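Contents: one structure, followed by commentary.
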Amino acid sequence: MSAVKPLSGLNVIDFSMAYAGPICGRMLSDCGADVIKVEPLGVGDGVRGDARIFTHFNAGKRGVQIDLSTSEGQQLALGLIDQADVVIENYRPGIMKRFGLDYASVKTQCPSLVYCSISGFGQTGPAAQRAAYAPIAHAASGYDTAHMNAQVHTDDSTKARPPASGIMIADMLTGAYAFGAIQTALLGRFNTGLGDYIDVTMMESMMTLIPAQQQAAQIADSPPRGGFLPIKAKDGYIMACIVTDKNFEGLCHVIHREDLHQDDRFERFNRIKNLHHLVVEIEKWSVTRTIADCEAQLNSTGVPCSRYNAVEDLFNDPQLQHRGTFSIAEDEEGEYFVQNLPFQLASQGEATLPVAPEAGKHTDSVLKDSLGLDIETISTLRTNQIVS
């Protein structure tokens, strides 16, 4: 196994904060890139208030603090960009231009640079200046209403309150798309020698989750699509997906209900709209059995089935342990798990470097090694509150 990771030698300047940009930067770092995280002076990335979350999004990076609102700080940032292969930023559109650090300002000096901007709605257009967090992208993209309508077809579903998820789907998905777009641009650079500008949005990233609903919305009286319901067992709930005819046959066999094959409600194209009725029939069998028994029997006959794991169950899950899904991080709070990349490359060694930089920890070494500044100059910059 090679000790050299596939992105070793790639230099990334990460101006992003919070979630979507930082997770993209961490994925690049996990693959071997040298990622320098540039934060404002003082509090830095607001996520630093939760050390474990900060570590999850920034493990493996080097950290510097620069006041980008000053001309001196902007010159330092330009020097770092000049040596970079990739820049990531998720400021509100127009902020990097105000600093003189936007793509238009640096592309002539850095023609091979891949520059990725992440925002809620895009860099231009009537919604460009709107602030966005994950729940805003969920609501604006149609995802929340599509999710609501898939909970399957109660008579008053159109009157239900839209769900409000506390899970950062938009952030994680957008970061992953940014990661993929950066790889695509780097491959393009290999062919042309030129970099590229990437404009990735949270709203459009979320929209990629609902292609069937987008098509259904263009058809009058479109039949319901998708939709799955939890199934009650003796000691909790399971999820089973009855998608294909083969799945349905396996289900009928397991629950000893071959008669359901002759029930018109459960023919292939009727199952979704009658899913509530099908669940009633399944639960006549499942409520007398444990989750473990239901899961084992259904999976054994080709019916996709899973228990509902609690998050704390994941750390001891045999499959995840087998795959080495988690790395161990450590800080003043002790040891804890940090999830590695959701893909594995055969040529890679350990995935995550489970240490996140303290605020400004690498400012001196980065300015010295990357920009050639001496200790006296760095000290003056710190005294003048340009860096920290």
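For the structure tokens, the naming scheme is as follows: chains receive sequential letters (A, B, ...) according to their order of presentation, residues are indexed from 1 within each chain, and ligands are indexed from 1 in presentation order.
Within 8 Å of range 186-194 of chain A there are Pro111, Ser112, Leu113, Val114, Ile182 and Gln183 of chain A, counting only C-alpha atoms and ignoring same-chain residues fewer than 3 positions away.
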field: Near-Asn384 in chain A list (10 Å; only C-alpha atoms; drop same-chain fewer than 5 positions) as number ranges by chain
entry: A: 72, 378-379
**Request:** Assign secondary structure with DSSP using the backbone only, and return the residues of range 94-287 of chain A in helix (DSSP H, G or I) as a count of residues only.
**Result:** 91
Per DSSP on the backbone, filter range 39-131 of chain A down to the residues in strand (DSSP E) and report them as a ChimeraX atom specification.
-> /A:39,62-65,86-89,114-119
Any chance you could export the current selection's N, CA and C atoms as a CSV table (one decimal), in the first residue's frame?
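Resulting contents of result-v6.csv:
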```
chain,number,residue,atom,x,y,z
A,39,GLU,N,-8.7,32.1,9.0
A,39,GLU,CA,-9.8,32.6,9.8
A,39,GLU,C,-9.6,34.0,10.2
A,62,ARG,N,-4.0,23.0,8.5
A,62,ARG,CA,-3.2,24.0,9.3
A,62,ARG,C,-4.0,25.3,9.4
A,63,GLY,N,-3.8,26.0,10.5
A,63,GLY,CA,-4.7,27.1,10.8
A,63,GLY,C,-3.9,28.4,10.9
A,64,VAL,N,-4.4,29.5,10.2
A,64,VAL,CA,-3.8,30.8,10.4
A,64,VAL,C,-4.9,31.8,10.6
A,65,GLN,N,-4.6,32.9,11.3
A,65,GLN,CA,-5.6,34.0,11.5
A,65,GLN,C,-5.1,35.3,10.8
A,86,VAL,N,-5.9,25.4,-5.1
A,86,VAL,CA,-7.3,25.4,-4.9
A,86,VAL,C,-7.6,26.5,-3.9
A,87,VAL,N,-8.7,27.3,-4.1
A,87,VAL,CA,-9.2,28.2,-3.0
A,87,VAL,C,-10.7,27.8,-2.8
A,88,ILE,N,-11.1,27.7,-1.5
A,88,ILE,CA,-12.5,27.5,-1.2
A,88,ILE,C,-12.9,28.7,-0.3
A,89,GLU,N,-14.1,29.2,-0.6
A,89,GLU,CA,-14.7,30.3,0.2
A,89,GLU,C,-16.2,30.2,0.2
A,114,VAL,N,-7.8,26.7,-9.3
A,114,VAL,CA,-9.2,26.3,-9.2
A,114,VAL,C,-9.9,27.0,-8.0
A,115,TYR,N,-10.9,27.8,-8.2
A,115,TYR,CA,-11.5,28.6,-7.2
A,115,TYR,C,-12.9,28.2,-7.0
A,116,CYS,N,-13.3,27.8,-5.8
A,116,CYS,CA,-14.6,27.3,-5.5
A,116,CYS,C,-15.4,28.2,-4.5
A,117,SER,N,-16.5,28.8,-5.0
A,117,SER,CA,-17.3,29.6,-4.1
A,117,SER,C,-18.6,28.8,-3.8
A,118,ILE,N,-18.9,28.8,-2.5
A,118,ILE,CA,-20.1,28.1,-2.0
A,118,ILE,C,-21.1,29.1,-1.4
A,119,SER,N,-22.3,29.0,-1.8
A,119,SER,CA,-23.3,30.0,-1.3
A,119,SER,C,-24.7,29.3,-1.2
```
**Prompt:** Skipping near chain neighbours, those fewer than 4 positions away, what residues fall within 12 Å of Ala128 in chain A using only C-alpha atoms, listed as a ChimeraX atom specification?
**Reply:** /A:91-94,118-124,132,199-203
C-alpha atoms of the current selection, written as a PDB file, in the first residue's frame:
```pdb
ATOM      1  CA  TYR A  91     -18.542  34.245   2.340  1.00  0.00           C
ATOM      2  CA  ARG A  92     -21.682  36.097   1.290  1.00  0.00           C
ATOM      3  CA  PRO A  93     -21.343  36.906  -2.451  1.00  0.00           C
ATOM      4  CA  GLY A  94     -19.380  40.120  -2.912  1.00  0.00           C
ATOM      5  CA  ILE A 118     -20.103  28.076  -1.984  1.00  0.00           C
ATOM      6  CA  SER A 119     -23.307  29.972  -1.262  1.00  0.00           C
ATOM      7  CA  GLY A 120     -26.962  29.478  -0.542  1.00  0.00           C
ATOM      8  CA  PHE A 121     -28.351  30.613  -3.896  1.00  0.00           C
ATOM      9  CA  GLY A 122     -25.461  31.526  -6.209  1.00  0.00           C
ATOM     10  CA  GLN A 123     -23.057  34.374  -6.827  1.00  0.00           C
ATOM     11  CA  THR A 124     -25.465  36.409  -8.979  1.00  0.00           C
ATOM     12  CA  ALA A 132     -28.794  30.796   3.978  1.00  0.00           C
ATOM     13  CA  ASP A 199     -20.098  28.309  -8.232  1.00  0.00           C
ATOM     14  CA  VAL A 200     -21.936  25.703  -6.136  1.00  0.00           C
ATOM     15  CA  THR A 201     -25.175  26.390  -4.263  1.00  0.00           C
ATOM     16  CA  MET A 202     -26.931  24.781  -1.331  1.00  0.00           C
ATOM     17  CA  MET A 203     -30.345  25.175  -2.945  1.00  0.00           C
TER      18      MET A 203
END
```
field: Closest of A:Phe57, A:Tyr177, A:Tyr19, A:Trp285 to Lys232 in chain A - atom-to-atom distances counting only C-alpha atoms
entry: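 The answer is A:Trp285, which sits nearest to Lys232 in chain A.
Compared by their closest atoms to Gln339 in chain A, and using only C-alpha atoms, the residues A:Arg382, A:Arg48, A:Arg26, A:Lys97 rank with A:Arg26 nearest.
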Using only C-alpha atoms, what does the table of range 250-369 of chain A residues within 8 Å of range 238-243 of chain A look like, with each row giving the shortest atom pair and its distance in Å to one decimal, sorted by chain and ascending number, as a Markdown table?
```
| residue | atom | partner | partner_atom | distance |
| --- | --- | --- | --- | --- |
| A:Leu251 | CA | A:Ile242 | CA | 7.8 |
| A:Ile291 | CA | A:Ile238 | CA | 6.5 |
| A:Cys294 | CA | A:Ile238 | CA | 7.8 |
| A:Glu295 | CA | A:Ile238 | CA | 7.4 |
| A:Val303 | CA | A:Cys241 | CA | 6.8 |
| A:Pro304 | CA | A:Cys241 | CA | 5.6 |
| A:Cys305 | CA | A:Ala240 | CA | 4.3 |
| A:Ser306 | CA | A:Met239 | CA | 5.4 |
| A:Arg307 | CA | A:Ile238 | CA | 4.6 |
| A:Tyr308 | CA | A:Ile238 | CA | 6.0 |
```
Could you write out the selected residues, including C-alpha atoms, as a CSV table (one decimal), in the first residue's frame?
```
chain,number,residue,atom,x,y,z
A,251,LEU,CA,-42.3,-10.4,2.0
A,291,ILE,CA,-36.5,-6.2,15.7
A,294,CYS,CA,-37.8,-9.3,11.7
A,295,GLU,CA,-34.5,-7.9,10.3
A,303,VAL,CA,-36.4,-7.9,1.4
A,304,PRO,CA,-34.2,-4.9,2.3
A,305,CYS,CA,-34.7,-4.3,6.0
A,306,SER,CA,-32.9,-2.4,8.8
A,307,ARG,CA,-33.5,-1.6,12.4
A,308,TYR,CA,-33.5,2.1,13.4
```
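Using only C-alpha atoms, the smallest distance between any of A:Asp374, A:Glu358, A:Asp331, A:Asp293 and Arg52 in chain A comes from A:Asp331.
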So, with only C-alpha atoms as the atoms that count, which of A:Asp34, A:Gln213, A:Phe248, A:Gly180 lies closest to Gln83 in chain A?
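Smallest distance to Gln83 in chain A is found for A:Asp34.
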